[in-house]
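As stored in run.csv (CSV, N, CA and C atoms and all ligand atoms):
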chain,number,residue,atom,x,y,z
H,1,MET,N,0.9,-1.2,0.0
H,1,MET,CA,0.0,0.0,0.0
H,1,MET,C,0.9,1.2,0.0
H,2,ASP,N,0.5,2.3,-0.7
H,2,ASP,CA,1.3,3.5,-0.8
H,2,ASP,C,1.0,4.5,0.2
H,3,CYS,N,0.1,4.2,1.1
H,3,CYS,CA,-0.2,5.2,2.2
H,3,CYS,C,1.0,5.6,3.0
H,4,VAL,N,1.2,6.9,3.0
H,4,VAL,CA,2.4,7.5,3.8
H,4,VAL,C,2.3,7.1,5.2
H,5,PHE,N,1.2,7.1,5.9
H,5,PHE,CA,1.1,6.8,7.3
H,5,PHE,C,1.4,5.3,7.6
H,6,CYS,N,0.9,4.5,6.7
H,6,CYS,CA,1.2,3.0,6.8
H,6,CYS,C,2.7,2.8,6.7
H,7,GLN,N,3.3,3.6,5.8
H,7,GLN,CA,4.8,3.4,5.6
H,7,GLN,C,5.5,3.9,6.8
H,8,ILE,N,5.1,5.0,7.4
H,8,ILE,CA,5.7,5.6,8.6
H,8,ILE,C,5.6,4.6,9.7
H,9,ALA,N,4.4,4.1,9.9
H,9,ALA,CA,4.1,3.1,11.0
H,9,ALA,C,5.0,1.9,10.9
H,10,LYS,N,5.3,1.5,9.6
H,10,LYS,CA,6.2,0.4,9.4
H,10,LYS,C,7.7,0.8,9.4
H,11,ARG,N,7.9,2.1,9.6
H,11,ARG,CA,9.3,2.7,9.7
H,11,ARG,C,10.0,2.5,8.3
H,12,LYS,N,9.2,2.6,7.3
H,12,LYS,CA,9.8,2.6,5.9
H,12,LYS,C,10.0,4.0,5.4
H,13,ILE,N,9.3,5.0,6.1
H,13,ILE,CA,9.6,6.4,5.8
H,13,ILE,C,9.9,7.0,7.2
H,14,PRO,N,11.0,7.8,7.3
H,14,PRO,CA,11.4,8.4,8.6
H,14,PRO,C,10.4,9.4,9.1
H,15,ALA,N,10.3,9.5,10.4
H,15,ALA,CA,9.5,10.5,11.0
H,15,ALA,C,10.0,10.6,12.5
H,16,LYS,N,9.6,11.7,13.1
H,16,LYS,CA,10.1,12.0,14.5
H,16,LYS,C,9.0,11.4,15.4
H,17,PHE,N,9.3,10.2,15.9
H,17,PHE,CA,8.4,9.5,16.8
H,17,PHE,C,8.5,10.0,18.2
H,18,LEU,N,7.3,10.4,18.8
H,18,LEU,CA,7.3,10.7,20.2
H,18,LEU,C,6.6,9.6,21.0
H,19,TYR,N,5.9,8.8,20.3
H,19,TYR,CA,5.2,7.7,20.9
H,19,TYR,C,5.1,6.5,20.0
H,20,GLU,N,5.2,5.3,20.5
H,20,GLU,CA,4.9,4.1,19.7
H,20,GLU,C,4.4,3.1,20.7
H,21,GLY,N,3.1,2.7,20.5
H,21,GLY,CA,2.5,1.6,21.2
H,21,GLY,C,2.2,0.4,20.2
H,22,GLU,N,1.5,-0.6,20.7
H,22,GLU,CA,1.2,-1.7,19.8
H,22,GLU,C,0.3,-1.3,18.6
H,23,GLU,N,-0.6,-0.4,18.9
H,23,GLU,CA,-1.6,0.0,17.8
H,23,GLU,C,-1.5,1.4,17.3
H,24,VAL,N,-0.8,2.2,18.0
H,24,VAL,CA,-0.8,3.7,17.7
H,24,VAL,C,0.6,4.3,17.8
H,25,ILE,N,0.8,5.2,16.9
H,25,ILE,CA,2.1,6.0,16.9
H,25,ILE,C,1.8,7.5,17.1
H,26,GLY,N,2.7,8.2,17.6
H,26,GLY,CA,2.6,9.7,17.7
H,26,GLY,C,3.9,10.3,17.1
H,27,ILE,N,3.7,11.1,16.1
H,27,ILE,CA,4.9,11.7,15.4
H,27,ILE,C,4.7,13.2,15.3
H,28,LYS,N,5.8,13.9,15.2
H,28,LYS,CA,5.8,15.3,15.0
H,28,LYS,C,5.3,15.7,13.6
H,29,SER,N,4.5,16.7,13.5
H,29,SER,CA,4.0,17.1,12.1
H,29,SER,C,5.2,17.7,11.4
H,30,VAL,N,5.2,17.5,10.1
H,30,VAL,CA,6.3,18.1,9.3
H,30,VAL,C,5.9,19.5,8.9
H,31,ASN,N,4.6,19.9,9.1
H,31,ASN,CA,4.1,21.3,8.8
H,31,ASN,C,3.4,21.8,10.0
H,32,PRO,N,4.1,22.1,11.1
H,32,PRO,CA,3.5,22.4,12.4
H,32,PRO,C,2.7,23.7,12.3
H,33,GLU,N,1.5,23.7,12.8
H,33,GLU,CA,0.6,24.9,12.8
H,33,GLU,C,0.6,25.5,14.2
H,34,ALA,N,1.4,25.0,15.1
H,34,ALA,CA,1.4,25.5,16.5
H,34,ALA,C,2.8,25.1,17.1
H,35,PRO,N,3.2,25.7,18.2
H,35,PRO,CA,4.5,25.3,18.8
H,35,PRO,C,4.6,23.8,19.0
H,36,VAL,N,3.5,23.1,19.4
H,36,VAL,CA,3.5,21.7,19.5
H,36,VAL,C,2.4,21.2,18.5
H,37,HIS,N,2.8,20.3,17.6
H,37,HIS,CA,1.8,19.8,16.6
H,37,HIS,C,2.2,18.4,16.3
H,38,LEU,N,1.4,17.5,16.8
H,38,LEU,CA,1.7,16.0,16.7
H,38,LEU,C,0.6,15.4,15.9
H,39,LEU,N,0.9,14.3,15.3
H,39,LEU,CA,-0.1,13.4,14.6
H,39,LEU,C,-0.2,12.1,15.4
H,40,ILE,N,-1.4,11.8,15.8
H,40,ILE,CA,-1.6,10.5,16.5
H,40,ILE,C,-2.3,9.6,15.4
H,41,ILE,N,-1.6,8.5,15.1
H,41,ILE,CA,-2.0,7.7,14.0
H,41,ILE,C,-2.1,6.2,14.4
H,42,PRO,N,-3.3,5.6,14.0
H,42,PRO,CA,-3.4,4.1,14.2
H,42,PRO,C,-2.5,3.4,13.2
H,43,LYS,N,-1.8,2.3,13.7
H,43,LYS,CA,-1.0,1.6,12.8
H,43,LYS,C,-1.8,0.9,11.7
H,44,GLN,N,-3.0,0.6,12.0
H,44,GLN,CA,-3.9,0.0,11.0
H,44,GLN,C,-4.5,1.1,10.2
H,45,HIS,N,-4.6,0.8,8.9
H,45,HIS,CA,-5.1,1.8,7.9
H,45,HIS,C,-6.7,1.9,8.1
H,46,ILE,N,-7.2,3.0,8.5
H,46,ILE,CA,-8.6,3.2,8.7
H,46,ILE,C,-9.0,4.5,7.9
H,47,GLU,N,-10.1,4.4,7.2
H,47,GLU,CA,-10.5,5.6,6.4
H,47,GLU,C,-11.9,6.0,6.9
H,48,TRP,N,-12.3,7.2,6.5
H,48,TRP,CA,-13.5,7.8,6.8
H,48,TRP,C,-14.6,7.4,5.7
H,49,LYS,N,-14.9,6.2,5.7
H,49,LYS,CA,-15.9,5.7,4.7
H,49,LYS,C,-16.5,4.4,5.3
H,50,GLY,N,-17.7,4.2,4.9
H,50,GLY,CA,-18.4,3.0,5.5
H,50,GLY,C,-18.6,3.2,7.0
H,51,ARG,N,-19.0,2.1,7.6
H,51,ARG,CA,-19.1,2.1,9.0
H,51,ARG,C,-17.9,1.5,9.7
H,52,PHE,N,-17.6,2.1,10.8
H,52,PHE,CA,-16.4,1.6,11.6
H,52,PHE,C,-16.9,0.2,12.2
H,53,ASN,N,-16.0,-0.7,12.2
H,53,ASN,CA,-16.2,-1.9,13.0
H,53,ASN,C,-15.8,-1.7,14.4
H,54,LYS,N,-16.0,-2.7,15.3
H,54,LYS,CA,-15.7,-2.5,16.7
H,54,LYS,C,-14.2,-2.3,16.9
H,55,LYS,N,-13.4,-3.0,16.2
H,55,LYS,CA,-11.9,-2.8,16.4
H,55,LYS,C,-11.5,-1.4,16.0
H,56,GLU,N,-12.1,-0.9,14.9
H,56,GLU,CA,-11.8,0.5,14.4
H,56,GLU,C,-12.3,1.5,15.4
H,57,LEU,N,-13.4,1.3,16.0
H,57,LEU,CA,-14.0,2.2,17.0
H,57,LEU,C,-13.1,2.2,18.2
H,58,ALA,N,-12.6,1.0,18.6
H,58,ALA,CA,-11.7,1.0,19.8
H,58,ALA,C,-10.4,1.7,19.5
H,59,LEU,N,-9.9,1.6,18.2
H,59,LEU,CA,-8.7,2.3,17.9
H,59,LEU,C,-8.9,3.8,17.9
H,60,LEU,N,-10.0,4.3,17.4
H,60,LEU,CA,-10.3,5.7,17.4
H,60,LEU,C,-10.3,6.2,18.9
H,61,GLY,N,-10.9,5.5,19.8
H,61,GLY,CA,-10.8,5.8,21.2
H,61,GLY,C,-9.4,5.8,21.7
H,62,ARG,N,-8.7,4.9,21.2
H,62,ARG,CA,-7.2,4.8,21.7
H,62,ARG,C,-6.5,6.0,21.2
H,63,LEU,N,-6.8,6.6,20.0
H,63,LEU,CA,-6.1,7.8,19.6
H,63,LEU,C,-6.3,8.9,20.6
H,64,ILE,N,-7.5,9.1,21.1
H,64,ILE,CA,-7.8,10.1,22.0
H,64,ILE,C,-7.1,9.9,23.3
H,65,PHE,N,-7.1,8.6,23.8
H,65,PHE,CA,-6.3,8.2,25.0
H,65,PHE,C,-4.8,8.6,24.9
H,66,VAL,N,-4.2,8.2,23.7
H,66,VAL,CA,-2.8,8.5,23.5
H,66,VAL,C,-2.6,10.0,23.4
H,67,ALA,N,-3.5,10.7,22.7
H,67,ALA,CA,-3.3,12.2,22.6
H,67,ALA,C,-3.3,12.8,24.0
H,68,LYS,N,-4.1,12.3,24.9
H,68,LYS,CA,-4.2,12.9,26.2
H,68,LYS,C,-2.9,12.6,27.0
H,69,GLU,N,-2.4,11.4,26.9
H,69,GLU,CA,-1.1,11.0,27.5
H,69,GLU,C,0.0,11.9,27.0
H,70,ILE,N,0.1,12.1,25.7
H,70,ILE,CA,1.1,12.9,25.1
H,70,ILE,C,1.0,14.4,25.5
H,71,ALA,N,-0.3,14.9,25.6
H,71,ALA,CA,-0.5,16.3,26.0
H,71,ALA,C,0.0,16.5,27.4
H,72,ILE,N,-0.2,15.5,28.2
H,72,ILE,CA,0.3,15.7,29.6
H,72,ILE,C,1.8,15.7,29.6
H,73,LYS,N,2.5,14.8,28.9
H,73,LYS,CA,3.9,14.8,28.8
H,73,LYS,C,4.5,16.0,28.2
H,74,GLN,N,3.8,16.5,27.2
H,74,GLN,CA,4.3,17.7,26.5
H,74,GLN,C,4.0,19.0,27.2
H,75,LYS,N,3.2,18.9,28.3
H,75,LYS,CA,2.8,20.0,29.1
H,75,LYS,C,2.0,21.0,28.4
H,76,ILE,N,1.1,20.5,27.5
H,76,ILE,CA,0.1,21.3,26.8
H,76,ILE,C,-1.3,20.9,27.2
H,77,PHE,N,-1.4,20.1,28.2
H,77,PHE,CA,-2.7,19.5,28.6
H,77,PHE,C,-3.8,20.6,28.9
H,78,GLU,N,-3.3,21.7,29.5
H,78,GLU,CA,-4.3,22.8,29.9
H,78,GLU,C,-4.9,23.5,28.8
H,79,ALA,N,-4.3,23.5,27.6
H,79,ALA,CA,-4.9,24.2,26.4
H,79,ALA,C,-4.3,23.6,25.2
H,80,CYS,N,-5.1,22.7,24.6
H,80,CYS,CA,-4.7,22.0,23.4
H,80,CYS,C,-5.9,21.7,22.5
H,81,LYS,N,-5.7,21.4,21.3
H,81,LYS,CA,-6.8,21.0,20.4
H,81,LYS,C,-6.6,19.7,19.7
H,82,LEU,N,-7.7,19.0,19.5
H,82,LEU,CA,-7.6,17.7,18.8
H,82,LEU,C,-8.5,17.9,17.6
H,83,ILE,N,-7.9,17.5,16.4
H,83,ILE,CA,-8.6,17.8,15.2
H,83,ILE,C,-8.5,16.5,14.3
H,84,PHE,N,-9.6,16.1,13.7
H,84,PHE,CA,-9.7,15.1,12.7
H,84,PHE,C,-10.0,15.8,11.4
H,85,ASN,N,-9.2,15.7,10.4
H,85,ASN,CA,-9.5,16.2,9.0
H,85,ASN,C,-9.9,14.9,8.2
H,86,VAL,N,-11.2,14.9,7.8
H,86,VAL,CA,-11.6,13.6,7.1
H,86,VAL,C,-12.4,14.0,5.8
H,87,GLY,N,-12.7,13.0,5.1
H,87,GLY,CA,-13.4,13.1,3.8
H,87,GLY,C,-12.6,13.9,2.8
H,88,LYS,N,-13.3,14.7,2.0
H,88,LYS,CA,-12.6,15.4,0.9
H,88,LYS,C,-12.0,16.7,1.3
H,89,THR,N,-11.2,16.7,2.4
H,89,THR,CA,-10.5,17.9,2.9
H,89,THR,C,-9.1,18.0,2.3
H,90,GLY,N,-8.7,17.0,1.5
H,90,GLY,CA,-7.4,17.1,0.8
H,90,GLY,C,-6.3,16.5,1.7
H,91,HIS,N,-6.7,16.0,2.9
H,91,HIS,CA,-5.7,15.5,3.8
H,91,HIS,C,-5.5,14.0,3.5
H,92,ILE,N,-4.5,13.4,4.1
H,92,ILE,CA,-4.2,12.0,3.9
H,92,ILE,C,-5.4,11.2,4.4
H,93,SER,N,-5.8,10.2,3.7
H,93,SER,CA,-7.1,9.5,4.0
H,93,SER,C,-7.0,8.6,5.2
H,94,HIS,N,-5.8,8.2,5.5
H,94,HIS,CA,-5.6,7.3,6.7
H,94,HIS,C,-5.9,8.2,7.9
H,95,ILE,N,-6.9,7.8,8.6
H,95,ILE,CA,-7.4,8.6,9.7
H,95,ILE,C,-6.3,8.9,10.7
H,96,HIS,N,-6.2,10.2,11.1
H,96,HIS,CA,-5.2,10.6,12.1
H,96,HIS,C,-5.7,11.7,12.9
H,97,LEU,N,-5.2,11.9,14.1
H,97,LEU,CA,-5.7,12.9,15.0
H,97,LEU,C,-4.6,13.9,15.2
H,98,HIS,N,-4.9,15.2,15.0
H,98,HIS,CA,-3.9,16.3,15.2
H,98,HIS,C,-4.0,16.7,16.7
H,99,LEU,N,-2.9,16.8,17.3
H,99,LEU,CA,-2.8,17.3,18.7
H,99,LEU,C,-2.0,18.6,18.6
H,100,ILE,N,-2.6,19.7,18.8
H,100,ILE,CA,-1.9,21.0,18.7
H,100,ILE,C,-2.0,21.8,20.0
H,101,GLY,N,-1.0,22.5,20.3
H,101,GLY,CA,-1.0,23.4,21.5
H,101,GLY,C,0.4,24.0,21.7
H,102,GLY,N,0.6,24.4,22.9
H,102,GLY,CA,1.9,25.0,23.2
H,102,GLY,C,2.0,26.5,22.9
H,103,TRP,N,0.9,27.2,22.7
H,103,TRP,CA,0.9,28.6,22.5
H,103,TRP,C,1.4,29.3,23.8
H,104,LYS,N,2.3,30.3,23.6
H,104,LYS,CA,2.8,31.0,24.7
H,104,LYS,C,2.0,32.2,25.1
H,105,LYS,N,1.4,32.9,24.2
H,105,LYS,CA,0.6,34.1,24.5
H,105,LYS,C,-0.9,33.8,24.2
H,106,LYS,N,-1.3,34.2,23.0
H,106,LYS,CA,-2.8,34.1,22.7
H,106,LYS,C,-3.1,32.7,22.2
H,107,ILE,N,-4.1,32.1,22.7
H,107,ILE,CA,-4.6,30.8,22.3
H,107,ILE,C,-5.6,31.1,21.2
H,108,PRO,N,-5.4,30.5,19.9
H,108,PRO,CA,-6.4,30.8,18.9
H,108,PRO,C,-7.7,30.2,19.2
H,109,MET,N,-8.8,31.0,19.2
H,109,MET,CA,-10.1,30.6,19.6
H,109,MET,C,-10.9,30.0,18.5
H,110,LYS,N,-10.4,30.1,17.2
H,110,LYS,CA,-11.1,29.5,16.1
H,110,LYS,C,-11.2,28.0,16.3
H,111,ASN,N,-12.2,27.4,15.7
H,111,ASN,CA,-12.4,26.0,15.8
H,111,ASN,C,-11.5,25.2,14.8
H,112,ILE,N,-10.9,25.9,13.9
H,112,ILE,CA,-10.0,25.2,12.9
H,112,ILE,C,-8.6,25.9,13.0
V,1,ZN,ZN,-2.5,4.0,5.8
Step by step, read the file and then write its structure as structure tokens.
Amino acid sequence: MDCVFCQIAKRKIPAKFLYEGEEVIGIKSVNPEAPVHLLIIPKQHIEWKGRFNKKELALLGRLIFVAKEIAIKQKIFEACKLIFNVGKTGHISHIHLHLIGGWKKKIPMKNI
């Protein structure tokens, strides 16, 4: 499969890993939109189409769990954002969760 996140999860493409568990990885974004910008990615390729099965649903919950753990470690827990870009947004189709934060002064209040 040509999916870039599948390749990263298999360590065939380099990335800055901040977390790796059995099912989920956390890497630094190559295009950060905040002082801290990480991507929390399931190792299994999941897309935003059809219905999620139970395993996929569990993995999506796991993404949020891992994001929270990383937010605590990165000391951005008090003010951070979690964003899924899905469907025809032009983003990578392999579902991933953006964890962004670390603003020193003004926290952006927009939802995107
Ligand atoms: Zn993939």
Would you tabulate, counting only C-alpha atoms and all ligand atoms, all residues of chain H that have an atom at most 7 Å from an atom of ligand ZN 1 (chain V), showing the closest pair of atoms and their distance in Å to one decimal, sorted by chain then ascending number, as a tab-separated table?
residue	atom	partner	partner_atom	distance
H:Cys3	CA	V:ZN1	ZN	4.4
H:Val4	CA	V:ZN1	ZN	6.3
H:Phe5	CA	V:ZN1	ZN	4.8
H:Cys6	CA	V:ZN1	ZN	4.0
H:Gln44	CA	V:ZN1	ZN	6.7
H:His45	CA	V:ZN1	ZN	4.0
H:Ile46	CA	V:ZN1	ZN	6.8
H:His94	CA	V:ZN1	ZN	4.6
- Given the choices H:Gly26, H:Pro42, H:Pro32, H:Gly61, which gets closest to H:Ile100 if the distance is worked out from only C-alpha atoms?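 Of H:Gly26, H:Pro42, H:Pro32, H:Gly61, the one nearest H:Ile100, counting only C-alpha atoms, is H:Pro32.
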- Note on the structure: What separates atom C of H:Leu99 and atom C of H:Leu82 is a distance of 6.6 Å
- Closest to H:Ala79 among H:Ile8, H:Lys105, H:Lys43, H:Asn53, using only C-alpha atoms?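 The closest residue to H:Ala79 is H:Lys105.
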- Task: Would you list the contacts of H:Leu97 as a list in words, taking every protein, DNA or RNA residue within 6 Å and counting only C-alpha atoms, but skipping same-chain residues closer than 5 positions in sequence?
- Result: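 In the requested format, the answer is Leu39, Ile40, Ile83 and Phe84 of chain H.
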- One decimal place gives the atom C of H:Phe77-atom C of H:Trp48 separation as 28.8 Å
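Between atom CA of H:Ser29 and atom CA of H:Lys55 there is a distance of 25.8 Å.
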- Message: Residues of chain H classed as alpha helix (DSSP H) by DSSP on the backbone are to be reported as an NGL selection string.
- Response: :H and (4-9 or 54-73)
What parts of stretch 4-95 of chain H does DSSP call strand (DSSP E)? I'd like the answer as a PDB file with N, CA and C atoms, keeping the file's coordinate frame.
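Writing the result to selection_37.pdb gives the following:
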ATOM      1  N   PHE H  17       9.300  10.200  15.900  1.00  0.00           N
ATOM      2  CA  PHE H  17       8.400   9.500  16.800  1.00  0.00           C
ATOM      3  C   PHE H  17       8.500  10.000  18.200  1.00  0.00           C
ATOM      4  N   LEU H  18       7.300  10.400  18.800  1.00  0.00           N
ATOM      5  CA  LEU H  18       7.300  10.700  20.200  1.00  0.00           C
ATOM      6  C   LEU H  18       6.600   9.600  21.000  1.00  0.00           C
ATOM      7  N   TYR H  19       5.900   8.800  20.300  1.00  0.00           N
ATOM      8  CA  TYR H  19       5.200   7.700  20.900  1.00  0.00           C
ATOM      9  C   TYR H  19       5.100   6.500  20.000  1.00  0.00           C
ATOM     10  N   GLU H  20       5.200   5.300  20.500  1.00  0.00           N
ATOM     11  CA  GLU H  20       4.900   4.100  19.700  1.00  0.00           C
ATOM     12  C   GLU H  20       4.400   3.100  20.700  1.00  0.00           C
ATOM     13  N   VAL H  24      -0.800   2.200  18.000  1.00  0.00           N
ATOM     14  CA  VAL H  24      -0.800   3.700  17.700  1.00  0.00           C
ATOM     15  C   VAL H  24       0.600   4.300  17.800  1.00  0.00           C
ATOM     16  N   ILE H  25       0.800   5.200  16.900  1.00  0.00           N
ATOM     17  CA  ILE H  25       2.100   6.000  16.900  1.00  0.00           C
ATOM     18  C   ILE H  25       1.800   7.500  17.100  1.00  0.00           C
ATOM     19  N   GLY H  26       2.700   8.200  17.600  1.00  0.00           N
ATOM     20  CA  GLY H  26       2.600   9.700  17.700  1.00  0.00           C
ATOM     21  C   GLY H  26       3.900  10.300  17.100  1.00  0.00           C
ATOM     22  N   ILE H  27       3.700  11.100  16.100  1.00  0.00           N
ATOM     23  CA  ILE H  27       4.900  11.700  15.400  1.00  0.00           C
ATOM     24  C   ILE H  27       4.700  13.200  15.300  1.00  0.00           C
ATOM     25  N   LYS H  28       5.800  13.900  15.200  1.00  0.00           N
ATOM     26  CA  LYS H  28       5.800  15.300  15.000  1.00  0.00           C
ATOM     27  C   LYS H  28       5.300  15.700  13.600  1.00  0.00           C
ATOM     28  N   VAL H  36       3.500  23.100  19.400  1.00  0.00           N
ATOM     29  CA  VAL H  36       3.500  21.700  19.500  1.00  0.00           C
ATOM     30  C   VAL H  36       2.400  21.200  18.500  1.00  0.00           C
ATOM     31  N   HIS H  37       2.800  20.300  17.600  1.00  0.00           N
ATOM     32  CA  HIS H  37       1.800  19.800  16.600  1.00  0.00           C
ATOM     33  C   HIS H  37       2.200  18.400  16.300  1.00  0.00           C
ATOM     34  N   LEU H  38       1.400  17.500  16.800  1.00  0.00           N
ATOM     35  CA  LEU H  38       1.700  16.000  16.700  1.00  0.00           C
ATOM     36  C   LEU H  38       0.600  15.400  15.900  1.00  0.00           C
ATOM     37  N   LEU H  39       0.900  14.300  15.300  1.00  0.00           N
ATOM     38  CA  LEU H  39      -0.100  13.400  14.600  1.00  0.00           C
ATOM     39  C   LEU H  39      -0.200  12.100  15.400  1.00  0.00           C
ATOM     40  N   ILE H  40      -1.400  11.800  15.800  1.00  0.00           N
ATOM     41  CA  ILE H  40      -1.600  10.500  16.500  1.00  0.00           C
ATOM     42  C   ILE H  40      -2.300   9.600  15.400  1.00  0.00           C
ATOM     43  N   ILE H  41      -1.600   8.500  15.100  1.00  0.00           N
ATOM     44  CA  ILE H  41      -2.000   7.700  14.000  1.00  0.00           C
ATOM     45  C   ILE H  41      -2.100   6.200  14.400  1.00  0.00           C
ATOM     46  N   PRO H  42      -3.300   5.600  14.000  1.00  0.00           N
ATOM     47  CA  PRO H  42      -3.400   4.100  14.200  1.00  0.00           C
ATOM     48  C   PRO H  42      -2.500   3.400  13.200  1.00  0.00           C
ATOM     49  N   CYS H  80      -5.100  22.700  24.600  1.00  0.00           N
ATOM     50  CA  CYS H  80      -4.700  22.000  23.400  1.00  0.00           C
ATOM     51  C   CYS H  80      -5.900  21.700  22.500  1.00  0.00           C
ATOM     52  N   LYS H  81      -5.700  21.400  21.300  1.00  0.00           N
ATOM     53  CA  LYS H  81      -6.800  21.000  20.400  1.00  0.00           C
ATOM     54  C   LYS H  81      -6.600  19.700  19.700  1.00  0.00           C
ATOM     55  N   LEU H  82      -7.700  19.000  19.500  1.00  0.00           N
ATOM     56  CA  LEU H  82      -7.600  17.700  18.800  1.00  0.00           C
ATOM     57  C   LEU H  82      -8.500  17.900  17.600  1.00  0.00           C
ATOM     58  N   ILE H  83      -7.900  17.500  16.400  1.00  0.00           N
ATOM     59  CA  ILE H  83      -8.600  17.800  15.200  1.00  0.00           C
ATOM     60  C   ILE H  83      -8.500  16.500  14.300  1.00  0.00           C
ATOM     61  N   PHE H  84      -9.600  16.100  13.700  1.00  0.00           N
ATOM     62  CA  PHE H  84      -9.700  15.100  12.700  1.00  0.00           C
ATOM     63  C   PHE H  84     -10.000  15.800  11.400  1.00  0.00           C
TER      64      PHE H  84
END
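Shortest atom-to-atom contact with H:Lys28 among H:Ile70, H:Leu59, H:Ile107, H:Ile95: H:Ile70, counting only C-alpha atoms.
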- Using only C-alpha atoms, find the one residue out of H:Lys16, H:Lys106, H:His37, H:Lys10 that sits nearest to H:Ala71. H:His37
- Message: List the spatial neighbours of H:Gly102 as a PyMOL selection string - criterion: any atom at most 6.5 Å away, only N, CA and C atoms, same-chain residues fewer than 6 positions off excluded.
- Response: chain H and resi 34-36+76+79-80
Could you pull stretch 39-53 of chain H out of the structure I just pasted and write it to a file containing N, CA, C and O atoms, as an mmCIF file, in the first residue's frame?
data_model
loop_
_atom_site.group_PDB
_atom_site.id
_atom_site.type_symbol
_atom_site.label_atom_id
_atom_site.label_comp_id
_atom_site.auth_asym_id
_atom_site.auth_seq_id
_atom_site.Cartn_x
_atom_site.Cartn_y
_atom_site.Cartn_z
ATOM 1 N N LEU H 39 0.886 14.264 15.292
ATOM 2 C CA LEU H 39 -0.127 13.449 14.634
ATOM 3 C C LEU H 39 -0.184 12.116 15.371
ATOM 4 O O LEU H 39 0.848 11.464 15.555
ATOM 5 N N ILE H 40 -1.389 11.763 15.782
ATOM 6 C CA ILE H 40 -1.601 10.497 16.470
ATOM 7 C C ILE H 40 -2.270 9.580 15.447
ATOM 8 O O ILE H 40 -3.362 9.890 14.944
ATOM 9 N N ILE H 41 -1.608 8.474 15.138
ATOM 10 C CA ILE H 41 -1.991 7.669 13.973
ATOM 11 C C ILE H 41 -2.149 6.202 14.368
ATOM 12 O O ILE H 41 -1.234 5.631 14.980
ATOM 13 N N PRO H 42 -3.273 5.591 13.983
ATOM 14 C CA PRO H 42 -3.367 4.140 14.207
ATOM 15 C C PRO H 42 -2.455 3.414 13.237
ATOM 16 O O PRO H 42 -2.307 3.845 12.085
ATOM 17 N N LYS H 43 -1.826 2.345 13.671
ATOM 18 C CA LYS H 43 -0.962 1.579 12.760
ATOM 19 C C LYS H 43 -1.799 0.913 11.674
ATOM 20 O O LYS H 43 -1.339 0.726 10.553
ATOM 21 N N GLN H 44 -3.021 0.571 12.028
ATOM 22 C CA GLN H 44 -3.941 -0.022 11.046
ATOM 23 C C GLN H 44 -4.511 1.083 10.164
ATOM 24 O O GLN H 44 -4.883 2.150 10.649
ATOM 25 N N HIS H 45 -4.582 0.822 8.866
ATOM 26 C CA HIS H 45 -5.134 1.799 7.930
ATOM 27 C C HIS H 45 -6.657 1.858 8.088
ATOM 28 O O HIS H 45 -7.351 0.888 7.826
ATOM 29 N N ILE H 46 -7.154 2.993 8.542
ATOM 30 C CA ILE H 46 -8.604 3.218 8.699
ATOM 31 C C ILE H 46 -8.954 4.462 7.903
ATOM 32 O O ILE H 46 -8.248 5.462 7.976
ATOM 33 N N GLU H 47 -10.058 4.396 7.162
ATOM 34 C CA GLU H 47 -10.513 5.571 6.411
ATOM 35 C C GLU H 47 -11.898 5.993 6.855
ATOM 36 O O GLU H 47 -12.620 5.255 7.493
ATOM 37 N N TRP H 48 -12.260 7.211 6.459
ATOM 38 C CA TRP H 48 -13.542 7.819 6.793
ATOM 39 C C TRP H 48 -14.583 7.413 5.734
ATOM 40 O O TRP H 48 -15.059 8.205 4.956
ATOM 41 N N LYS H 49 -14.870 6.156 5.653
ATOM 42 C CA LYS H 49 -15.888 5.707 4.717
ATOM 43 C C LYS H 49 -16.500 4.423 5.270
ATOM 44 O O LYS H 49 -15.848 3.676 5.999
ATOM 45 N N GLY H 50 -17.737 4.211 4.929
ATOM 46 C CA GLY H 50 -18.428 3.046 5.464
ATOM 47 C C GLY H 50 -18.618 3.171 6.964
ATOM 48 O O GLY H 50 -18.440 4.242 7.538
ATOM 49 N N ARG H 51 -18.985 2.083 7.582
ATOM 50 C CA ARG H 51 -19.142 2.078 9.034
ATOM 51 C C ARG H 51 -17.881 1.548 9.677
ATOM 52 O O ARG H 51 -17.230 0.657 9.130
ATOM 53 N N PHE H 52 -17.578 2.077 10.837
ATOM 54 C CA PHE H 52 -16.435 1.554 11.588
ATOM 55 C C PHE H 52 -16.851 0.243 12.238
ATOM 56 O O PHE H 52 -17.950 0.137 12.775
ATOM 57 N N ASN H 53 -15.963 -0.726 12.210
ATOM 58 C CA ASN H 53 -16.242 -1.937 12.977
ATOM 59 C C ASN H 53 -15.770 -1.723 14.420
ATOM 60 O O ASN H 53 -15.198 -0.676 14.752
#
